[in-house]
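Structure first, commentary second.
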Amino acid sequence: MIDHKQEYIRTYPRWGGVDISWALNPFAGGSWSALQPYDDFWCVYQHKEDAGMVHVANRNIVPGSKWFARGASTQSQYRGASMSDGDGNYIETDGGSDLTQIDFRRFKPLGTHHYQEYWYPVQGLPGKVVEANPEACLSLETQPSQLGLAVNRPLKKGRVEVMVKEKKILEKSISLNPLKSVSIPVELKKAPLKVVLFDSSGKTLLTYKSPRIEKKELPSEGPVRKQEKPLPEMSAEEAYLKGIDEITHPEEHFLKGEEYFQRAVELDSGHSLAHRELGILYLKRGLWDKAERKFQKSLKRNPHQGEAHYYRGWVNKIKGESEEALNSLFEAAKYSETEAPAFLLLGKMMMVRHRWRKAQEYLKRAYSQSRSTEAQVLLASVFRKKSQFKKARQSLPDHFFPHYALGNLLAGRYRFSEAVSQYKKALKKLNPLSEKKKKTHSELMSVIHRNIGVLLWKTMNRPDQAVPYYKKAVRYATWHFKPFEELSQIYRETGNLEKAVRTARSGLDRVELPYKLVLTLIPLYTKLEEYDKILNLLPQYPADDHTKTKFQDRWKEIHVKKGKNLLREGNYEESIRWFEQAVEIPPELFIPRNKIKPRSDFALAWWWKGVALEKMGNEGQARECWEKAAQTRYDALSRGQLYRAKSLVQLGKKDQASRLLHQIIHAAQTGARVITEGAAPPWEAYLFFLQGAAYEELGFIDKAIDFYRKALKVDPAHTEPVYTDTQKRLEKLEK
């Protein structure tokens with residue numbers, strides 16, 4: 001399997017000596033995808049409920065097969081319950097035509113992408129599913145020896161045959177409905193086994209032969225990084241595919257992509273696809289002559305490429321070579337993937353030449369093929385030029401809406417300044433309306449003003465120009481929280497915290513999901529150190545189940561923070577009161593749908609309460625608090641594990657503390673999600689701290705000092721409690 005960021009590989013189903021195909025087994029959760037799927041099906045099954053689902057797709061077209069689980073802990077159970085029911089650990093599965101969720105593909109101009117996959121539920125199957133297709137699936141169980149069959153559609157008067165060593169040992173008539181599986185006792189010997197399911201007409205629905213899969217060589221267990229060939233060792237095809245991977249990366253690494261495409265054409269001077277991609281890159285950079293030469297070389301080997309003809313037409317048009325552009329675009333229009341964009345561009349060229357009849361013909365064809373808003377708007381312009389005003393109005397029923405729609409289209413194509421211009425044209429049509437009529441379009445007024453604000457702020461770095469538009473977006477907002485949230489964020493970024501707070505608060509009683517603005521206010525009040533206002537807000541606004549988990553975290557953290565401050569001032573009794581309130585979550589923050597109480601991972605609060613009691617001389621009560629802290633369960637790399645381990649040390653259970661720390665380190669080194677999906681401080685610092693703590697417990701002082709120093713180095717923000725605890729331990733050991 002490969003992790004979410006495509007950096008680490010782990011074996012499946014066994015890893016670290018554990019069968020991780022069972023969701024309860026992994027110490028650390030994560031998001032993993034099959035790196036090389038060996039079948040066209042996979043399944044998930046909840047054995048406690050005796051039910052599951054099957055996924056079937058061509059693995060060469062639809063390789064995506066991902067599962068995500070948080071690991072077995074109190075915290076993961078609670079967060080999982082906030083996303084589903086409360087009867088077990090949350091597990092998420094995905095399929096699709098990309099290997100992982102971070103894969104991106106580049107669509108052809110106005111193009112689409114089609115693929116097919118099947119999902120269907122199954123129930124009551126014995127053993128493991130060993131074969132599946134869109135029609136049916138088969139499972140085998142050795143103790144007791146039996147096979148199970150389930151179907152995806154009703155099967156009447158079917159037939160199942162079982163053969164061992166080509167000798168038929170069973171033939172049975174069978175009728176099945178979806179979710180009504182059947183178990184058939186049969187002797188499953190260690191010999192080649194064949195099972196065939198037929199429908200009433202004798203058509204084969206499913207065939208299974210054993211052994212189904214030959215063993216493959218697996219990487220050794222450990223933090224195995226995905227290995228790639230260095231560029232000089234790549235073949236032309238490998239370099240081309242790596243270049244595609246780079247340019248479709250979320251950050252669009254065009255220069256890296258160009259390097260790989262250049263390598264491909266060095267090895268194969270006529271590589272048509274690599275030449276085409278280089279031409280597109282040069283076109284984006286304004287290198288028209290180089291782009292045209294690349295398209296010519298691409299078409300020399302393979303003249304049947306709609307994309308190459310289309311982009312060559314663009315280059316010819318830009319260079320003023322009109323006849324060459326027309327010829328290229330007419331060639332591009334012969335191919336389904338570039339027919340619509342080619343006719344759209346041809347229509348534009350005819351409009352420039354005032355050839356309205358031809359423009360109308362080409363734009364109609366572009367619109368019929370793609371339903372492009374741009375083609376619709378241009379077609380209306382052609383009708384107006386031909387004085388066919390009735391047709392123009394019919395093609396654009398709402399005269400301001402096309403500008404808004406075209407703005408959306410342009411923004412989606414990264415033509416931000418043009419998008420802003422279209423949004424402003426839409427507002428120019430709307431502004432003369434009376435206030436009463438504006439209110440009928442209030443939602444759209446809010447959206448258009450917000451869109452302009454977003455583009456000015458996020459893509460042009462002009463927050464001061466964005467503010468007036470956001471103010472209008474807030475004024476016309478009827479239910480959505482985003483205008484309030486984003487205007488508040490602009491004020492926060494520019495240092496005006498009071499305006500940021502006022503903006504967010506002004507939407508609390510106006511928007512449909514006010515808890516979203518509570519999430520905006522929490523960091524603002526935290527920065528202003530107005531913690532009591534946060535505590536008042538949390539139970540006041542009903543939130544969804546997932547957000548309640550965040551509210552519980554904030555409730556706990558704020559009470560602990562105030563308790564720690566009082567503890568440092570020597571006010572032990574008052575600090576204990578705050579630590580106790582940290583674990584007394586208000587009922588408004590429960591998840592009532594599942595009647596789940598707040599999760600019990602309060603090691604942080606119990607630890608500090610124990611410290612305060614010890615300062616007061618109540619060692620017995622302090623030990624009781626540390627016992628409670630040691631009993632809680634966390635995700636592998638939660639900071640709560642640190643306080644759990646510290647409590648174990650205080651109780652004299654150093655061996656348990658050491659084993660816990662080693663488990664955490666093993667989880668991190670074998671690709672736990674926190675490490676593979678972002679090793680930035682403070683997580684990396686925390687990992688180094690834990691490694692140092694483990695070595696210190698084992699008596700390897702030099703190694704402990706080395707890891708403590710690494711922790712301090714990678715945490716410039718001095719994150720609590722990692723930095724402080726690391727510094728104290730390092731100073732102690734260095735003495």
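Chain labels run A, B, ... following the order of the structure tokens; each chain numbers its residues from 1, and ligands are numbered from 1 in the order shown.
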TODO: Would you kindly return, as JSON, numbers by chain, each protein, DNA or RNA residue with an atom no farther than 8 Å from any atom of A:Gln691, considering only C-alpha atoms and excluding same-chain residues fewer than 6 positions away?
DONE: {"A": [661, 662, 665, 704, 707]}
TODO: Write out as a count of residues only the residues lying within 12 Å of A:Glu418, counting only C-alpha atoms and excluding same-chain residues fewer than 3 positions away.
DONE: 20
Open item on the list: Please report the interatomic distance between atom CA of A:Gln123 and atom CA of A:Ser21 in Å with one decimal.
Closed with: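 Computing it gives 18.9 Å between the two atoms.
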Give me the residues within 12 Å of stretch 230-242 of chain A as an mmCIF file with C-alpha atoms, in the first residue's frame, counting only C-alpha atoms and dropping any in the same chain fewer than 3 places off.
```cif
data_model
loop_
_atom_site.group_PDB
_atom_site.id
_atom_site.type_symbol
_atom_site.label_atom_id
_atom_site.label_comp_id
_atom_site.auth_asym_id
_atom_site.auth_seq_id
_atom_site.Cartn_x
_atom_site.Cartn_y
_atom_site.Cartn_z
ATOM 1 C CA GLN A 227 11.716 4.608 -5.096
ATOM 2 C CA ASP A 245 2.928 13.368 -13.264
ATOM 3 C CA GLU A 246 4.785 16.624 -12.606
ATOM 4 C CA ILE A 247 2.546 18.928 -14.674
ATOM 5 C CA THR A 248 -0.631 17.443 -13.182
ATOM 6 C CA HIS A 249 0.731 17.854 -9.661
ATOM 7 C CA HIS A 253 5.659 21.713 -11.547
ATOM 8 C CA PHE A 254 5.949 22.871 -15.171
ATOM 9 C CA LYS A 256 10.254 19.791 -13.807
ATOM 10 C CA GLY A 257 7.779 18.466 -16.366
ATOM 11 C CA GLU A 258 9.681 20.180 -19.170
ATOM 12 C CA GLU A 259 12.905 18.510 -18.010
ATOM 13 C CA TYR A 260 11.346 15.047 -18.250
ATOM 14 C CA PHE A 261 9.713 15.728 -21.643
ATOM 15 C CA GLN A 262 13.053 16.964 -22.991
ATOM 16 C CA ARG A 263 14.637 13.722 -21.839
ATOM 17 C CA ALA A 264 11.913 11.740 -23.622
ATOM 18 C CA VAL A 265 12.566 13.465 -26.966
ATOM 19 C CA GLU A 266 16.324 13.089 -26.506
ATOM 20 C CA LEU A 267 15.844 9.333 -26.318
ATOM 21 C CA ASP A 268 13.104 9.255 -28.983
ATOM 22 C CA SER A 269 13.332 12.250 -31.307
ATOM 23 C CA GLY A 270 9.849 11.639 -32.702
ATOM 24 C CA HIS A 271 7.967 11.021 -29.423
ATOM 25 C CA SER A 272 4.708 12.693 -30.465
ATOM 26 C CA LEU A 273 3.137 12.980 -26.997
ATOM 27 C CA ALA A 274 6.257 14.475 -25.398
ATOM 28 C CA HIS A 275 6.546 17.022 -28.240
ATOM 29 C CA ARG A 276 2.886 17.924 -27.787
ATOM 30 C CA GLU A 277 3.276 18.482 -24.035
ATOM 31 C CA LEU A 278 6.354 20.641 -24.610
#
```
- [ ] Could you please determine the separation between atom CA of A:Val560 and atom CA of A:Trp578 in Å, to one decimal place?
- [x]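 Between atom CA of A:Val560 and atom CA of A:Trp578 the gap works out to 6.6 Å.
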- [ ] Might you pull out every residue within 7 Å of A:Arg59, with only C-alpha atoms counted and same-chain residues fewer than 5 positions away left off, and present them as a PyMOL selection string?
- [x] chain A and resi 37+39-40
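Taking only C-alpha atoms, the non-local environment of A:Gly570 within 10 Å (same-chain residues fewer than 4 positions away omitted) comprises Lys564, Asn565, Leu566, Glu574, Ser575, Ala612, Lys615 and Met616 of chain A.
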Could you take the residues named above and write them with C-alpha atoms, as a CSV table (one decimal), in the first residue's frame?
```csv
chain,number,residue,atom,x,y,z
A,564,LYS,CA,-1.8,25.8,34.6
A,565,ASN,CA,-1.5,29.6,34.9
A,566,LEU,CA,-3.0,29.4,38.4
A,574,GLU,CA,-8.2,27.3,42.3
A,575,SER,CA,-6.1,25.5,39.6
A,612,ALA,CA,-1.3,20.4,41.8
A,615,LYS,CA,2.3,20.3,45.5
A,616,MET,CA,-0.4,20.4,48.2
```
Open item on the list: Give me, as a list in words, all polymer residues having an atom no more than 10 Å from A:Glu584, counting only C-alpha atoms and skipping those fewer than 5 positions away in the same chain.
Closed with: Gln552, Trp555, Lys556, Trp578, Phe579 and Pro598 of chain A
Would you mind exporting N, CA, C and O atoms of the selected residues as a short mmCIF file (atom, residue, chain, number, x, y, z; two decimals), in the first residue's frame?
```cif
data_model
loop_
_atom_site.label_atom_id
_atom_site.label_comp_id
_atom_site.auth_asym_id
_atom_site.auth_seq_id
_atom_site.Cartn_x
_atom_site.Cartn_y
_atom_site.Cartn_z
N GLN A 552 -15.21 20.32 22.09
CA GLN A 552 -14.79 19.63 23.32
C GLN A 552 -13.30 19.83 23.56
O GLN A 552 -12.86 20.06 24.68
N TRP A 555 -12.77 23.35 24.84
CA TRP A 555 -13.24 23.45 26.23
C TRP A 555 -12.18 22.90 27.18
O TRP A 555 -11.83 23.53 28.18
N LYS A 556 -11.67 21.73 26.85
CA LYS A 556 -10.65 21.08 27.68
C LYS A 556 -9.37 21.91 27.72
O LYS A 556 -8.81 22.16 28.79
N TRP A 578 -10.24 24.37 38.03
CA TRP A 578 -10.24 24.50 36.57
C TRP A 578 -9.92 23.17 35.89
O TRP A 578 -10.49 22.84 34.85
N PHE A 579 -8.98 22.39 36.47
CA PHE A 579 -8.67 21.08 35.89
C PHE A 579 -9.88 20.16 35.96
O PHE A 579 -10.14 19.39 35.03
N PRO A 598 -18.94 12.62 26.25
CA PRO A 598 -17.64 13.11 25.77
C PRO A 598 -16.59 12.03 25.92
O PRO A 598 -16.62 11.23 26.85
#
```
Open item on the list: So that I can see what lies close to A:Ser506, please list as a PyMOL selection string the residues with an atom at most 10 Å from it, counting only C-alpha atoms and leaving out residues fewer than 4 positions away in the same chain.
Closed with: chain A and resi 474+484+501-502+510-511+517
Selection above as a file: all heavy atoms, as a compact mmCIF listing (two decimals), in the first residue's frame:
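The result, stored in out_7.txt:
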```
# COMPACT_ATOMS: atom_id res chain seq x y z
N VAL A 474 -21.48 40.90 2.67
CA VAL A 474 -22.06 40.72 4.01
C VAL A 474 -23.43 41.37 4.09
O VAL A 474 -24.38 40.82 4.67
CB VAL A 474 -21.11 41.29 5.08
CG1 VAL A 474 -21.81 41.45 6.41
CG2 VAL A 474 -19.88 40.39 5.22
N PHE A 484 -18.88 36.53 5.93
CA PHE A 484 -18.48 36.98 7.27
C PHE A 484 -17.13 36.39 7.66
O PHE A 484 -16.26 37.10 8.18
CB PHE A 484 -19.54 36.56 8.30
CG PHE A 484 -20.90 37.14 8.06
CD1 PHE A 484 -21.85 36.47 7.30
CD2 PHE A 484 -21.24 38.38 8.59
CE1 PHE A 484 -23.11 37.00 7.07
CE2 PHE A 484 -22.51 38.92 8.38
CZ PHE A 484 -23.44 38.23 7.61
N VAL A 501 -13.38 40.51 14.95
CA VAL A 501 -14.33 39.95 15.92
C VAL A 501 -15.74 40.48 15.64
O VAL A 501 -16.71 39.72 15.61
CB VAL A 501 -13.90 40.28 17.36
CG1 VAL A 501 -15.01 39.96 18.35
CG2 VAL A 501 -12.64 39.52 17.73
N ARG A 502 -15.87 41.80 15.42
CA ARG A 502 -17.18 42.40 15.18
C ARG A 502 -17.84 41.80 13.94
O ARG A 502 -19.04 41.52 13.92
CB ARG A 502 -17.07 43.92 15.02
CG ARG A 502 -16.93 44.66 16.33
CD ARG A 502 -17.34 46.12 16.17
NE ARG A 502 -16.60 46.81 15.13
CZ ARG A 502 -15.44 47.43 15.31
NH1 ARG A 502 -14.88 47.44 16.53
NH2 ARG A 502 -14.83 48.03 14.32
N ARG A 510 -27.43 35.65 11.92
CA ARG A 510 -27.96 35.84 10.58
C ARG A 510 -27.76 34.62 9.68
O ARG A 510 -28.53 34.40 8.74
CB ARG A 510 -27.30 37.05 9.91
CG ARG A 510 -27.71 38.39 10.51
CD ARG A 510 -26.97 39.53 9.84
NE ARG A 510 -27.15 39.55 8.39
CZ ARG A 510 -26.47 40.35 7.57
NH1 ARG A 510 -25.58 41.19 8.06
NH2 ARG A 510 -26.68 40.31 6.28
N VAL A 511 -26.71 33.85 9.94
CA VAL A 511 -26.38 32.77 9.02
C VAL A 511 -27.01 31.46 9.46
O VAL A 511 -27.43 31.31 10.60
CB VAL A 511 -24.85 32.61 8.88
CG1 VAL A 511 -24.22 33.90 8.41
CG2 VAL A 511 -24.22 32.15 10.20
N LEU A 517 -18.96 30.32 12.35
CA LEU A 517 -18.37 31.59 12.76
C LEU A 517 -17.79 31.49 14.17
O LEU A 517 -16.87 32.24 14.52
CB LEU A 517 -19.41 32.71 12.67
CG LEU A 517 -19.91 33.01 11.25
CD1 LEU A 517 -20.95 34.11 11.26
CD2 LEU A 517 -18.74 33.39 10.35
```
- [ ] Could you give me, as an NGL selection string, each residue of stretch 113-254 of chain A that DSSP assigns to helix (DSSP H, G or I) when run on this structure's backbone?
- [x] :A and (231-233 or 236-247 or 254)
